[in-house]
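J.: Provided below: entry.csv, containing CSV, C-alpha atoms.
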```
chain,number,residue,atom,x,y,z
A,5,MET,CA,73.8,30.0,132.9
A,6,ALA,CA,73.9,29.9,129.1
A,7,PHE,CA,72.3,32.7,127.1
A,8,MET,CA,70.5,32.6,123.8
A,9,THR,CA,72.7,34.1,121.0
A,10,VAL,CA,71.6,35.4,117.7
A,11,ALA,CA,74.5,36.3,115.4
A,12,PHE,CA,73.9,39.0,112.7
A,13,PRO,CA,76.6,38.5,110.0
A,14,SER,CA,76.0,42.0,108.6
A,15,GLN,CA,76.4,43.7,111.9
A,16,LEU,CA,79.5,41.8,112.6
A,17,SER,CA,80.9,42.9,109.2
A,18,PHE,CA,80.0,46.4,110.2
A,19,ALA,CA,81.9,46.2,113.4
A,20,ARG,CA,85.0,44.7,111.7
A,21,ALA,CA,84.9,47.4,109.0
A,22,MET,CA,84.6,50.1,111.7
A,23,GLY,CA,87.5,48.5,113.5
A,24,ASN,CA,89.6,48.9,110.3
A,25,ILE,CA,88.5,52.6,109.9
A,26,THR,CA,89.2,53.6,113.5
A,27,GLY,CA,92.3,51.4,114.1
A,28,VAL,CA,90.5,49.3,116.7
A,29,SER,CA,90.6,45.7,115.7
A,30,LYS,CA,88.6,44.2,118.5
A,31,VAL,CA,85.0,43.4,117.7
A,32,SER,CA,82.6,44.4,120.5
A,33,THR,CA,79.3,42.9,121.5
A,34,THR,CA,77.2,46.0,121.4
A,35,SER,CA,75.2,46.8,118.3
A,36,SER,CA,76.2,48.4,115.0
A,37,VAL,CA,74.0,51.3,115.9
A,38,HIS,CA,76.5,52.3,118.5
A,39,PHE,CA,79.4,50.9,116.5
A,40,ALA,CA,79.9,47.7,118.4
A,41,ALA,CA,78.1,44.8,116.8
A,42,SER,CA,76.8,41.6,118.2
A,43,ALA,CA,79.6,39.1,117.8
A,44,ALA,CA,79.2,35.6,116.6
A,45,THR,CA,80.8,34.2,119.7
A,46,HIS,CA,78.9,34.9,122.9
A,47,VAL,CA,80.6,35.0,126.3
A,48,GLU,CA,78.7,33.1,128.9
A,49,ALA,CA,77.9,35.2,132.0
A,50,PRO,CA,79.9,34.2,135.1
A,51,GLU,CA,78.0,33.3,138.2
A,52,LYS,CA,78.9,33.9,141.9
A,53,HIS,CA,76.6,32.8,144.7
A,54,ASN,CA,74.0,31.8,142.0
A,55,ILE,CA,73.7,35.4,140.9
A,56,PRO,CA,73.9,35.8,137.1
A,57,LEU,CA,76.0,38.7,135.8
A,58,PRO,CA,76.2,40.3,132.4
A,59,PRO,CA,79.0,39.0,130.0
A,60,ARG,CA,82.3,40.9,130.4
A,61,HIS,CA,86.0,40.4,130.3
A,62,LYS,CA,88.7,41.2,132.8
A,63,HIS,CA,91.2,43.8,131.7
A,64,GLU,CA,94.1,45.9,132.8
A,65,GLU,CA,93.1,49.3,134.2
A,66,VAL,CA,95.0,52.3,133.0
A,67,THR,CA,94.3,55.3,135.1
A,68,HIS,CA,95.3,58.9,135.8
A,69,THR,CA,97.4,59.5,132.7
A,70,LEU,CA,96.9,63.2,132.3
A,71,PRO,CA,100.1,65.1,133.2
A,72,PRO,CA,100.0,67.8,136.0
A,73,GLN,CA,100.3,70.7,133.5
A,74,LYS,CA,97.1,69.5,131.8
A,75,LEU,CA,95.3,69.2,135.1
A,76,GLU,CA,96.2,72.7,135.9
A,77,ILE,CA,94.1,73.9,133.0
A,78,PHE,CA,90.9,72.8,134.7
A,79,LYS,CA,92.0,74.7,137.8
A,80,THR,CA,92.5,77.9,135.8
A,81,LEU,CA,89.2,77.4,134.1
A,82,GLU,CA,87.2,77.4,137.3
A,83,LYS,CA,86.2,81.1,137.1
A,84,TRP,CA,85.2,80.6,133.5
A,85,ALA,CA,83.1,77.6,134.5
A,86,GLU,CA,81.4,79.6,137.2
A,87,SER,CA,80.6,82.5,134.8
A,88,ASN,CA,79.7,80.4,131.7
A,89,LEU,CA,78.8,76.8,132.7
A,90,LEU,CA,76.7,77.2,135.9
A,91,PRO,CA,74.3,79.7,134.3
A,92,ARG,CA,73.2,76.9,132.0
A,93,LEU,CA,71.5,75.2,135.0
A,94,LYS,CA,67.9,76.1,135.8
A,95,PRO,CA,66.8,77.0,139.3
A,96,VAL,CA,64.8,74.1,140.9
A,97,GLU,CA,61.7,76.3,141.2
A,98,GLU,CA,61.7,76.9,137.5
A,99,CYS,CA,62.2,73.2,136.5
A,100,TRP,CA,59.4,70.9,135.4
A,101,GLN,CA,58.7,67.9,137.6
A,102,PRO,CA,57.4,64.5,136.6
A,103,THR,CA,54.0,65.2,138.3
A,104,ASP,CA,53.5,68.1,135.9
A,105,LEU,CA,53.3,65.7,132.9
A,106,LEU,CA,51.4,62.8,134.5
A,107,PRO,CA,48.0,62.3,136.0
A,108,ASP,CA,47.8,63.9,139.5
A,109,PRO,CA,47.1,61.2,142.1
A,110,ALA,CA,45.5,63.9,144.4
A,111,SER,CA,43.0,64.9,141.7
A,112,GLU,CA,39.4,63.7,141.7
A,113,SER,CA,39.9,62.8,138.0
A,114,PHE,CA,43.0,60.7,138.6
A,115,HIS,CA,41.4,57.3,137.7
A,116,GLU,CA,39.8,58.7,134.6
A,117,GLU,CA,43.1,60.3,133.5
A,118,VAL,CA,45.0,57.0,134.1
A,119,GLY,CA,42.3,55.2,132.1
A,120,GLU,CA,42.8,57.6,129.2
A,121,LEU,CA,46.6,57.2,129.4
A,122,ARG,CA,46.2,53.4,129.2
A,123,ARG,CA,43.8,53.7,126.3
A,124,ARG,CA,46.2,55.8,124.3
A,125,SER,CA,49.1,53.4,125.2
A,126,ARG,CA,47.3,50.5,123.6
A,127,GLU,CA,48.1,52.0,120.2
A,128,LEU,CA,51.8,51.9,120.8
A,129,PRO,CA,53.4,48.9,119.0
A,130,ASP,CA,55.7,46.6,120.8
A,131,ASP,CA,58.9,47.7,119.0
A,132,TYR,CA,58.2,51.2,120.1
A,133,LEU,CA,57.7,50.1,123.7
A,134,VAL,CA,61.1,48.3,123.6
A,135,CYS,CA,62.8,51.5,122.5
A,136,LEU,CA,61.0,53.5,125.2
A,137,VAL,CA,61.9,51.0,127.9
A,138,GLY,CA,65.6,50.9,126.7
A,139,ASP,CA,65.7,54.7,126.9
A,140,MET,CA,64.2,54.7,130.4
A,141,VAL,CA,66.6,52.0,131.6
A,142,THR,CA,69.5,54.1,130.3
A,143,GLU,CA,68.2,57.2,132.2
A,144,GLU,CA,67.6,55.3,135.4
A,145,ALA,CA,71.3,54.2,135.7
A,146,LEU,CA,72.1,57.9,136.5
A,147,PRO,CA,74.2,57.1,139.6
A,148,THR,CA,76.7,55.4,137.4
A,149,TYR,CA,77.0,58.5,135.2
A,150,GLN,CA,77.6,60.7,138.2
A,151,THR,CA,80.3,58.3,139.3
A,152,PHE,CA,81.8,58.5,135.8
A,153,LEU,CA,82.1,62.3,136.0
A,154,ASN,CA,83.4,62.2,139.6
A,155,ASN,CA,86.3,59.9,138.5
A,156,LEU,CA,87.6,62.5,136.1
A,157,ASP,CA,90.8,64.1,137.3
A,158,GLY,CA,90.7,67.9,137.9
A,159,ILE,CA,86.9,68.2,138.1
A,160,ARG,CA,85.8,65.6,140.6
A,161,ASP,CA,83.7,66.4,143.7
A,162,GLU,CA,86.3,65.6,146.3
A,163,THR,CA,84.0,65.9,149.3
A,164,GLY,CA,80.5,65.1,147.9
A,165,ALA,CA,79.6,68.8,148.7
A,166,SER,CA,82.5,70.7,147.1
A,167,LEU,CA,81.8,74.2,146.0
A,168,THR,CA,84.1,74.2,143.0
A,169,PRO,CA,82.1,75.0,139.8
A,170,TRP,CA,82.9,71.6,138.3
A,171,ALA,CA,81.5,69.8,141.4
A,172,VAL,CA,78.4,72.1,141.6
A,173,TRP,CA,77.7,71.4,137.9
A,174,THR,CA,78.0,67.6,138.3
A,175,ARG,CA,75.6,67.5,141.2
A,176,ALA,CA,73.1,69.9,139.6
A,177,TRP,CA,73.3,68.2,136.3
A,178,THR,CA,72.6,64.9,138.0
A,179,ALA,CA,69.6,66.4,139.8
A,180,GLU,CA,68.1,67.6,136.6
A,181,GLU,CA,68.7,64.3,134.8
A,182,ASN,CA,67.2,62.4,137.6
A,183,ARG,CA,63.7,63.6,136.6
A,184,HIS,CA,64.0,62.0,133.2
A,185,GLY,CA,64.1,58.4,134.4
A,186,ASP,CA,61.5,59.1,137.1
A,187,LEU,CA,59.1,60.5,134.4
A,188,LEU,CA,59.5,57.6,131.9
A,189,ASN,CA,59.4,55.0,134.7
A,190,ARG,CA,56.1,56.3,136.1
A,191,TYR,CA,54.5,56.6,132.7
A,192,LEU,CA,55.4,53.0,131.7
A,193,TYR,CA,54.2,51.8,135.1
A,194,LEU,CA,50.8,53.4,134.5
A,195,THR,CA,50.4,51.9,131.0
A,196,GLY,CA,50.3,48.3,132.2
A,197,ARG,CA,51.9,47.4,128.8
A,198,VAL,CA,55.3,46.4,130.2
A,199,ASP,CA,56.6,43.9,132.8
A,200,MET,CA,57.9,46.4,135.4
A,201,LYS,CA,59.6,43.7,137.6
A,202,LYS,CA,61.7,42.6,134.6
A,203,ILE,CA,62.5,46.3,133.9
A,204,GLU,CA,63.4,47.0,137.5
A,205,LYS,CA,65.8,44.0,137.5
A,206,THR,CA,67.4,45.3,134.3
A,207,ILE,CA,68.0,48.7,136.0
A,208,GLN,CA,69.5,47.1,139.1
A,209,TYR,CA,71.8,44.8,137.0
A,210,LEU,CA,72.9,47.8,135.0
A,211,MET,CA,73.8,49.9,138.0
A,212,ARG,CA,75.7,47.0,139.5
A,213,ALA,CA,77.6,46.5,136.3
A,214,GLY,CA,78.8,50.1,136.1
A,215,MET,CA,79.9,51.9,133.0
A,216,ASP,CA,82.5,49.6,131.6
A,217,SER,CA,82.1,47.7,128.3
A,218,GLY,CA,83.6,44.4,129.2
A,219,GLN,CA,83.7,43.1,125.7
A,220,ASN,CA,85.3,46.1,124.0
A,221,LEU,CA,88.1,47.2,126.3
A,222,GLN,CA,88.3,50.6,124.6
A,223,ASP,CA,84.7,52.0,124.9
A,224,PHE,CA,84.8,53.8,128.2
A,225,ARG,CA,88.6,54.1,128.8
A,226,THR,CA,88.9,57.7,129.7
A,227,GLU,CA,91.9,57.0,132.0
A,228,ASN,CA,90.3,59.6,134.3
A,229,ASN,CA,91.0,62.2,131.5
A,230,PRO,CA,88.5,65.1,131.6
A,231,TYR,CA,89.2,65.9,128.0
A,232,SER,CA,88.0,62.5,127.0
A,233,GLY,CA,85.1,62.6,129.5
A,234,PHE,CA,83.7,65.9,128.3
A,235,ILE,CA,84.0,64.8,124.6
A,236,TYR,CA,82.1,61.7,125.5
A,237,THR,CA,79.3,63.6,127.3
A,238,SER,CA,79.0,66.1,124.5
A,239,PHE,CA,78.5,63.3,122.0
A,240,GLN,CA,76.3,61.3,124.3
A,241,GLU,CA,73.9,64.1,125.3
A,242,ARG,CA,73.3,64.9,121.7
A,243,ALA,CA,72.6,61.2,121.0
A,244,THR,CA,70.2,61.1,123.9
A,245,SER,CA,68.4,64.2,122.7
A,246,ILE,CA,68.0,62.7,119.2
A,247,SER,CA,66.7,59.4,120.6
A,248,HIS,CA,64.1,61.1,122.9
A,249,GLY,CA,63.2,63.5,120.1
A,250,ASN,CA,62.5,60.6,117.8
A,251,THR,CA,60.4,58.7,120.4
A,252,ALA,CA,58.4,62.0,120.7
A,253,ARG,CA,57.8,62.2,117.0
A,254,MET,CA,56.7,58.5,116.8
A,255,ALA,CA,54.4,58.8,119.9
A,256,LYS,CA,52.6,61.6,118.1
A,257,ALA,CA,52.3,59.5,114.9
A,258,HIS,CA,50.8,56.7,117.0
A,259,GLY,CA,48.2,59.2,118.4
A,260,ASP,CA,49.6,59.8,121.9
A,261,ALA,CA,50.2,63.6,122.1
A,262,GLU,CA,50.8,63.4,125.9
A,263,LEU,CA,53.6,60.8,125.5
A,264,ALA,CA,55.0,63.0,122.7
A,265,ARG,CA,55.1,65.9,125.2
A,266,ILE,CA,56.9,63.8,127.8
A,267,CYS,CA,59.6,62.6,125.4
A,268,GLY,CA,59.9,66.0,123.8
A,269,THR,CA,60.4,67.7,127.2
A,270,ILE,CA,63.2,65.3,128.0
A,271,ALA,CA,64.8,65.8,124.6
A,272,ALA,CA,64.8,69.6,125.1
A,273,GLU,CA,66.6,69.3,128.4
A,274,GLU,CA,69.1,66.9,127.0
A,275,LYS,CA,69.8,69.4,124.2
A,276,ARG,CA,70.5,72.1,126.9
A,277,HIS,CA,72.9,69.8,128.6
A,278,GLU,CA,74.6,68.9,125.3
A,279,ALA,CA,75.2,72.6,124.7
A,280,ALA,CA,76.9,73.0,128.0
A,281,TYR,CA,79.2,70.0,127.6
A,282,ALA,CA,80.0,71.1,124.0
A,283,MET,CA,80.8,74.6,125.3
A,284,ILE,CA,83.4,73.1,127.7
A,285,VAL,CA,85.1,71.2,124.9
A,286,GLU,CA,85.0,74.4,122.8
A,287,LYS,CA,86.9,76.2,125.5
A,288,LEU,CA,89.4,73.4,125.7
A,289,PHE,CA,90.0,73.7,122.0
A,290,GLU,CA,90.6,77.4,122.6
A,291,VAL,CA,93.2,76.9,125.4
A,292,ASP,CA,94.8,73.6,124.3
A,293,PRO,CA,93.9,72.8,120.7
A,294,ASP,CA,96.6,70.2,120.2
A,295,GLY,CA,95.7,68.3,123.4
A,296,THR,CA,92.0,68.5,122.7
A,297,VAL,CA,92.1,67.3,119.1
A,298,LEU,CA,94.3,64.4,120.2
A,299,ALA,CA,91.7,63.5,122.8
A,300,PHE,CA,88.9,63.8,120.3
A,301,ALA,CA,90.6,61.5,117.9
A,302,ASP,CA,91.4,59.0,120.7
A,303,ARG,CA,87.7,59.0,121.8
A,304,MET,CA,86.5,58.4,118.3
A,305,ARG,CA,89.0,55.6,117.7
A,306,LYS,CA,87.6,53.9,120.9
A,307,LYS,CA,84.1,54.8,119.6
A,308,VAL,CA,81.3,56.3,121.6
A,309,SER,CA,79.2,53.4,123.0
A,310,MET,CA,75.9,54.1,124.8
A,311,PRO,CA,76.4,54.1,128.5
A,312,ALA,CA,73.8,51.3,129.0
A,313,CYS,CA,75.6,48.7,126.9
A,314,LEU,CA,75.9,46.4,129.9
A,315,MET,CA,72.1,46.2,130.3
A,316,PHE,CA,71.0,42.7,131.4
A,317,ASP,CA,67.7,41.3,132.5
A,318,GLY,CA,69.0,38.2,134.2
A,319,ARG,CA,68.5,36.2,131.0
A,320,ASP,CA,69.5,37.8,127.8
A,321,GLY,CA,73.3,38.4,127.7
A,322,ASP,CA,72.9,40.3,124.4
A,323,LEU,CA,70.0,42.5,125.6
A,324,PHE,CA,71.7,45.8,124.6
A,325,SER,CA,72.5,44.5,121.1
A,326,HIS,CA,68.9,43.4,120.6
A,327,PHE,CA,67.4,46.6,121.9
A,328,SER,CA,69.8,48.6,119.7
A,329,ALA,CA,68.9,46.6,116.6
A,330,VAL,CA,65.2,47.5,117.2
A,331,ALA,CA,66.1,51.1,117.8
A,332,GLN,CA,68.1,51.1,114.5
A,333,ARG,CA,65.2,49.4,112.5
A,334,VAL,CA,62.4,51.7,113.7
A,335,GLY,CA,64.6,54.8,113.5
A,336,VAL,CA,65.0,55.9,117.2
A,337,TYR,CA,68.8,56.0,117.0
A,338,THR,CA,70.8,54.9,114.0
A,339,ALA,CA,74.2,54.7,112.5
A,340,LYS,CA,73.3,57.8,110.4
A,341,ASP,CA,72.6,59.7,113.6
A,342,TYR,CA,76.1,58.7,114.9
A,343,ALA,CA,77.8,60.1,111.8
A,344,ASP,CA,75.6,63.2,111.9
A,345,ILE,CA,76.6,63.9,115.5
A,346,LEU,CA,80.3,63.5,114.6
A,347,GLU,CA,79.9,65.9,111.7
A,348,PHE,CA,78.0,68.4,113.9
A,349,LEU,CA,80.7,68.4,116.6
A,350,ILE,CA,83.5,68.8,114.1
A,351,ARG,CA,81.7,71.9,112.8
A,352,ARG,CA,80.8,73.2,116.2
A,353,TRP,CA,84.4,72.9,117.4
A,354,LYS,CA,85.9,74.1,114.1
A,355,VAL,CA,88.2,71.1,113.9
A,356,GLU,CA,88.9,71.6,110.2
A,357,GLU,CA,90.1,75.2,110.9
A,358,LEU,CA,92.6,74.4,113.6
A,359,GLN,CA,96.1,75.8,112.9
A,360,GLY,CA,99.5,75.4,114.5
A,361,LEU,CA,99.0,71.7,115.5
A,362,SER,CA,101.8,69.3,116.1
A,363,PRO,CA,102.4,66.5,113.6
A,364,GLU,CA,100.4,64.2,115.8
A,365,GLY,CA,97.7,66.8,116.1
A,366,ARG,CA,97.5,67.2,112.3
A,367,ALA,CA,97.2,63.5,111.9
A,368,ALA,CA,94.3,63.5,114.5
A,369,GLN,CA,92.6,66.3,112.6
A,370,GLU,CA,92.9,64.5,109.3
A,371,PHE,CA,91.5,61.3,110.9
A,372,LEU,CA,88.5,63.1,112.4
A,373,CYS,CA,87.6,65.1,109.3
A,374,GLY,CA,87.5,62.0,107.2
A,375,LEU,CA,85.8,59.6,109.6
A,376,ALA,CA,82.1,60.5,109.1
A,377,PRO,CA,82.0,59.8,105.3
A,378,LYS,CA,83.7,56.4,106.0
A,379,ILE,CA,81.1,55.6,108.6
A,380,ARG,CA,78.3,56.4,106.2
A,381,ARG,CA,79.8,54.2,103.4
A,382,VAL,CA,80.2,51.3,105.8
A,383,ASP,CA,76.6,51.6,107.0
A,384,GLU,CA,75.3,51.8,103.5
A,385,ARG,CA,77.0,48.5,102.6
A,386,VAL,CA,75.8,46.8,105.8
A,387,GLN,CA,72.2,48.0,105.2
A,388,ALA,CA,72.3,46.8,101.6
A,389,LYS,CA,73.3,43.3,102.7
A,390,ASP,CA,71.1,43.0,105.7
A,391,THR,CA,68.0,41.3,104.3
A,392,ALA,CA,67.3,38.5,106.8
A,393,ALA,CA,64.6,39.1,109.4
A,394,HIS,CA,65.2,38.0,113.0
A,395,THR,CA,62.9,38.2,116.0
A,396,MET,CA,63.6,38.2,119.7
A,397,ALA,CA,61.3,37.8,122.7
A,398,PHE,CA,61.8,40.7,125.2
A,399,SER,CA,61.2,40.1,128.8
A,400,TRP,CA,60.3,43.8,129.2
A,401,ILE,CA,57.1,43.2,127.2
A,402,PHE,CA,56.1,39.9,128.7
A,403,ASP,CA,58.2,37.9,126.2
A,404,ARG,CA,56.4,39.1,123.2
A,405,LYS,CA,58.5,38.8,120.1
A,406,VAL,CA,59.8,41.8,118.1
A,407,GLN,CA,61.6,42.0,114.8
A,408,LEU,CA,65.2,43.0,115.2
```
Mind turning the file's structure into structure tokens?
T.:
Amino acid sequence: MAFMTVAFPSQLSFARAMGNITGVSKVSTTSSVHFAASAATHVEAPEKHNIPLPPRHKHEEVTHTLPPQKLEIFKTLEKWAESNLLPRLKPVEECWQPTDLLPDPASESFHEEVGELRRRSRELPDDYLVCLVGDMVTEEALPTYQTFLNNLDGIRDETGASLTPWAVWTRAWTAEENRHGDLLNRYLYLTGRVDMKKIEKTIQYLMRAGMDSGQNLQDFRTENNPYSGFIYTSFQERATSISHGNTARMAKAHGDAELARICGTIAAEEKRHEAAYAMIVEKLFEVDPDGTVLAFADRMRKKVSMPACLMFDGRDGDLFSHFSAVAQRVGVYTAKDYADILEFLIRRWKVEELQGLSPEGRAAQEFLCGLAPKIRRVDERVQAKDTAAHTMAFSWIFDRKVQL
């Protein structure tokens, strides 16, 4: 099956420039928002048994590269994790549930409340709906993210019910995150503004694809390394918090205070999770500054792509690029946010203040501390050149066209 391709020269230039900055020459097919632009050449999705699959490349797997002495660090940190990480979780009885923020189907006023929700949603523009759906699809692929964490050496849940603090955290974090997709999914279903069957197919395709960017072989290559995994989640949770926070702000501007409350509630929880993951990396910098700064630099050279970059609706092989272009344009998540997050984490982890590093560690430190300004300069040049307007029909909104 062939897919429609729209090439964005400015985004492609951005990806190439980012490759020069980070030392990664390969151009990816995700968007410039997440530092992997839509390439001019599109890979046709393979088919097996007449089932279309998202575009991807085969690659050689490199796994389990962390030496035993590094793995031992995570064993020695178990007591610290029990005392410092697990208290960041909330008891189930104190957590909000999706039904707290949506019309109650057991209420006599349910139909009136749904009618009011649908009335408010009519004021939401299509480009906003695309961003909201993309955020929801990302949240709904949660099983993939739990698998990602459970593939990290030294912290995985070996039995599915392990009582190590790392395993307890992963299961409880997953349980908290599960409510995010449930809430957004039910809200969008009630609006009647989106094609739920197309969205449900997108979610299923995404979970089938896993968390592996087939076009950019670097994006998710942690090599089962928990250093890299926790740096990725620290960055990603902050990015997700920003994205949901922006959709909350925009919902309020469009007159939907209830949707703003929904998105804001999710954003607040993502921020709590971000703080937990950043705290883990902060501890790693304390016990192994050289190994951690090297892992941080390696992660940023590979770039931090969004975990849903393999989203696919059965038709658009560049769906994530198109969704990301809309998110960049309307301001839900932008290249500026990416640079801001990097600078925030460098300050949080006091990377500039690290002392006693090896020569390789000092080179990594220098690379990291100079990266954000370079990203901003590249983005400014790309934005200045990007004057052409393109539109794309999104299956999620009944093939209505949206400017990219």
J.: May I ask which of the residues A:Asp130, A:Glu82, A:Glu117, A:Asp139 is the closest one to Tyr337 of chain A, counting only C-alpha atoms?
T.: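 Counting only C-alpha atoms, the residue closest to Tyr337 of chain A is A:Asp139.
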J.: Using Å and a single decimal, report how far atom CA of Lys74 of chain A sits from atom CA of Pro293 of chain A.
T.: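 So the answer is 12.0 Å.
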J.: May I have a table of the residues of segment 168-190 of chain A lying at most 9 Å from segment 96-105 of chain A, giving each one's closest pair of atoms and their distance in Å to one decimal, counting all atoms listed in the file, ordered by chain and ascending residue number, as a tab-separated table?
T.:
```
residue	atom	partner	partner_atom	distance
A:Glu180	CA	A:Cys99	CA	8.1
A:Arg183	CA	A:Pro102	CA	6.4
A:His184	CA	A:Pro102	CA	7.8
A:Asp186	CA	A:Pro102	CA	6.8
A:Leu187	CA	A:Pro102	CA	4.9
A:Leu188	CA	A:Pro102	CA	8.6
A:Arg190	CA	A:Pro102	CA	8.3
```
J.: Have a look at atom CA of Ala279 of chain A and atom CA of Lys94 of chain A and let me know their distance in Å, one decimal.
T.: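 For atom CA of Ala279 of chain A relative to atom CA of Lys94 of chain A, the distance reads 13.7 Å.
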J.: Give me the residues within 9 Å of Gly249 of chain A as a PyMOL selection string, counting all atoms listed in the file and dropping any in the same chain fewer than 5 places off.
T.: chain A and resi 244+254+264+267-272+336
J.: Just give me the gap between atom CA of Met211 of chain A and atom CA of Leu323 of chain A in Å, one decimal is fine.
T.: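 We find that atom CA of Met211 of chain A and atom CA of Leu323 of chain A lie 14.9 Å from each other.
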J.: Which of these, A:Arg352, A:His258, A:His248, A:Arg385, has the shortest distance to Phe289 of chain A once you count all atoms listed in the file?
T.: A:Arg352
J.: Which is closer to Asp157 of chain A than all the others in A:Glu227, A:Glu347, A:Asp322, A:Glu262, using all atoms listed in the file?
T.: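 The answer is A:Glu227, which sits nearest to Asp157 of chain A.
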J.: Smallest atom-to-atom distance to Met310 of chain A: which of A:Ala110, A:Ala85, A:Leu156, A:Val141, using all atoms listed in the file?
T.: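 Closest to Met310 of chain A, using all atoms listed in the file: A:Val141.
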J.: Which residue is closest to Ile345 of chain A? Choose from A:Tyr132, A:Phe239, A:Gln359, A:Asp161 and count only C-alpha atoms.
T.: A:Phe239
